[in-house]
Amino acid sequence: MASLGVDSEQKPLLGDRTPGSREWDIIETEEHCKSRWRSIRILYLTMFLSSVGFSIVIMSIWPYLQKIDQTADASFLGWVIASYSLGQMVASPIFGLWSNYRPRKEPLIVSIFISVAANCLYAYVHVPASHNKYYMLAARGLVGFGAGNVAVIRSYIAGATSLQERTSSMANTSACQALGFILGPASADEVQVPQGNIDQVAVVATNVLFFVILFIFALFETIVTPLTMDMYAWTREQAVLYDGIILAALGVEAVIIFMGIKLLSKKIGERALLLGGLIIIWVGFFVLLPWGNQFPKIQWEDLHNNTIPNTTFGEIIITLWKSPRENHSEEPTGCPVEQAWCLYTPMIHLAQFLISAVLIGIGYPSCNVMSYTLYSKILGPNPQGVYMGWLTASGSAARILGPVFISQVYTAWGPRWAFSLVCGMVVLTITLLGVVYRRLIAFSVRHGRIQE
């Protein structure tokens, strides 16, 4: 029985799809179907707990890093944050490939052990006498490596999703059969297609779309705190509190979007929703562009905004140097004068920022879930471990490059240039979607097994 369980776990979720095999006509038992449902729920719980753990730790990394190693600066913090995504990017294709040829529980168990060991290392990085920041860097990288198991989880769930899409239109099926555990075609007349016939152009295009979507949201998450501190003269405590509330509200908004988007996708289709989501994101970043003639408060000095346009940069620096500063016991607030753009770039009003956040909070979850859904449907009944690994890797690369891009551009050139470049990037992404729009269809639709 044990060997039978291992053999069944190694098989693709659809079973042996070769023409003439038994699996063309076998229907999965009710007991087996319930077992699949239990597995899916456990995997959902695993992903949820992993996300909660990531959110808890990410908020405390900077003070923890400062406490354990006084030599660590903000630039090293960027590397510590990026190391998680880098580890996940490396591990995802490995675990995905592993799950294609071995029982899925093997990479899942190994990855969980790696995550536990890495978190233990993270908890004790203060113990060594020196080089503590490098121990933290290694710990976060290993935690990310363990998180690469998301490729295995997604491939398992996506396999069930593609099966459900294939059988949802069949009549007289039980609930389990409707979930997709019919292993053969609906009729003898149905076209039989080899498993490996996948549209690679659609696969690559979807990976690029997924990369851009996560890249945009990663940079938005990164820039929220420094942007609000610069524009609204919030203290660190205020920024953490208010931005936390804003991001929590966006999380609730995303849950509502996820709940309603399934019904909407049945009416207008995944591709149309993906396009609409990208347009909403573009509008959100366009709204975020600074306009008007009101300028942010300059850090250290209460300059009158209406004098700035008529004052040269050198005169402002001399004024700052000669003028008495505020109480040094209080945390300096406002836009740092070291960022030259603070002196001539209009501020982004709070209402402007909130409207933009709401729009991005609508567009991002829509694009995220639709790109993932399209990807799993494009792959169809093929083993998806490696493909999901590459999708996860592209998302990890986006979370590495997004914060680096926005921090460099924002610091050097300000929000007008930063968000203008993001708008241009979204326009290019919409153009790419338009070019490959007709190719982003389900595997079963492409091969004539189901009408679109």
# chains A, B, ... in the order shown; residues from 1 in each chain; ligands from 1
call {"tool": "select_by_dssp", "arguments": {"residues": "segment 181-429 of chain A", "states": "alpha helix (DSSP H)", "output": "VMD selection string"}}
result
chain A and resid 200 to 232 236 to 268 270 to 287 313 to 322 350 to 379 385 to 413 415 to 429
call {"tool": "closest_residue", "arguments": {"among": "A:Ile246, A:Leu421, A:Val203, A:Val224", "to": "Gln384 of chain A", "atoms": "only C-alpha atoms"}}
result
A:Val203
call {"tool": "residues_around", "arguments": {"residues": "Gly260 of chain A", "least_positions_apart": "3", "cutoff": "12 Å", "atoms": "only C-alpha atoms", "output": "list in words"}}
result
Glu253, Ala254, Val255, Ile256, Ile257, Leu263, Leu264, Ser265, Lys266, Lys267, Leu273, Ile362, Pro365, Ser366 and Val369 of chain A
call {"tool": "write_last_selection", "arguments": {"atoms": "N, CA, C and O atoms", "output": "short mmCIF file (atom, residue, chain, number, x, y, z; two decimals), in the first residue's frame"}}
result
data_model
loop_
_atom_site.label_atom_id
_atom_site.label_comp_id
_atom_site.auth_asym_id
_atom_site.auth_seq_id
_atom_site.Cartn_x
_atom_site.Cartn_y
_atom_site.Cartn_z
N GLU A 253 -9.17 45.16 0.82
CA GLU A 253 -9.66 45.44 -0.53
C GLU A 253 -9.30 44.29 -1.48
O GLU A 253 -10.12 43.88 -2.31
N ALA A 254 -8.08 43.76 -1.34
CA ALA A 254 -7.65 42.66 -2.21
C ALA A 254 -8.50 41.41 -1.98
O ALA A 254 -8.84 40.69 -2.93
N VAL A 255 -8.84 41.14 -0.71
CA VAL A 255 -9.69 39.98 -0.42
C VAL A 255 -11.04 40.12 -1.11
O VAL A 255 -11.57 39.16 -1.70
N ILE A 256 -11.61 41.31 -1.06
CA ILE A 256 -12.89 41.55 -1.73
C ILE A 256 -12.76 41.36 -3.24
O ILE A 256 -13.62 40.75 -3.89
N ILE A 257 -11.66 41.86 -3.79
CA ILE A 257 -11.42 41.70 -5.23
C ILE A 257 -11.31 40.23 -5.58
O ILE A 257 -11.90 39.75 -6.57
N LEU A 263 -16.36 35.45 -10.36
CA LEU A 263 -17.64 35.60 -11.07
C LEU A 263 -17.49 36.52 -12.27
O LEU A 263 -18.05 36.25 -13.34
N LEU A 264 -16.72 37.58 -12.12
CA LEU A 264 -16.55 38.52 -13.21
C LEU A 264 -15.77 37.90 -14.37
O LEU A 264 -16.05 38.18 -15.54
N SER A 265 -14.80 37.03 -14.04
CA SER A 265 -14.00 36.41 -15.10
C SER A 265 -14.83 35.49 -15.98
O SER A 265 -14.52 35.30 -17.16
N LYS A 266 -15.88 34.91 -15.43
CA LYS A 266 -16.75 34.05 -16.23
C LYS A 266 -17.54 34.84 -17.26
O LYS A 266 -17.95 34.30 -18.29
N LYS A 267 -17.77 36.12 -16.98
CA LYS A 267 -18.56 36.95 -17.88
C LYS A 267 -17.72 37.62 -18.95
O LYS A 267 -18.13 37.69 -20.12
N LEU A 273 -9.90 41.02 -17.96
CA LEU A 273 -9.67 41.48 -16.60
C LEU A 273 -8.21 41.87 -16.38
O LEU A 273 -7.91 42.84 -15.68
N ILE A 362 -6.86 47.95 -6.37
CA ILE A 362 -7.83 47.25 -7.21
C ILE A 362 -7.10 46.54 -8.37
O ILE A 362 -7.38 45.38 -8.67
N PRO A 365 -4.31 43.10 -7.37
CA PRO A 365 -4.84 41.74 -7.17
C PRO A 365 -5.53 41.18 -8.41
O PRO A 365 -5.47 39.97 -8.66
N SER A 366 -6.18 42.06 -9.18
CA SER A 366 -6.82 41.59 -10.41
C SER A 366 -5.79 41.03 -11.38
O SER A 366 -5.96 39.94 -11.93
N VAL A 369 -3.98 37.61 -9.89
CA VAL A 369 -4.72 36.35 -9.97
C VAL A 369 -5.02 35.97 -11.41
O VAL A 369 -5.02 34.78 -11.77
#
call {"tool": "closest_residue", "arguments": {"among": "A:Val404, A:Leu354, A:Leu343, A:Ile56", "to": "Thr228 of chain A", "atoms": "only C-alpha atoms"}}
result
A:Leu354
call {"tool": "residues_around", "arguments": {"residues": "Val150 of chain A", "least_positions_apart": "6", "cutoff": "10 Å", "atoms": "only C-alpha atoms", "output": "ChimeraX atom specification"}}
result
/A:43,46-47,50,88,91-92,95-96,108,111,156,385,388-389,392
call {"tool": "residues_around", "arguments": {"residues": "segment 127-133 of chain A", "least_positions_apart": "2", "cutoff": "12 Å", "atoms": "only C-alpha atoms", "output": "ChimeraX atom specification"}}
result
/A:61-62,64-74,76-77,79-80,120-125,135-140
call {"tool": "atom_distance", "arguments": {"atom1": "atom CA of Met89 of chain A", "atom2": "atom CA of Lys262 of chain A"}}
result
28.6 Å
call {"tool": "residues_around", "arguments": {"residues": "Phe113 of chain A", "least_positions_apart": "6", "cutoff": "10 Å", "atoms": "only C-alpha atoms", "output": "MDAnalysis selection string"}}
result
chainID A and resid 107 119 146
call {"tool": "closest_residue", "arguments": {"among": "A:Ile157, A:Ala357, A:Leu278, A:Leu142", "to": "Pro383 of chain A", "atoms": "only C-alpha atoms"}}
result
A:Ile157
call {"tool": "atom_distance", "arguments": {"atom1": "atom CA of Ile198 of chain A", "atom2": "atom CA of Val445 of chain A"}}
result
11.9 Å
call {"tool": "closest_residue", "arguments": {"among": "A:Cys367, A:Gln408, A:Pro381, A:Glu31", "to": "Phe211 of chain A", "atoms": "only C-alpha atoms"}}
result
A:Cys367
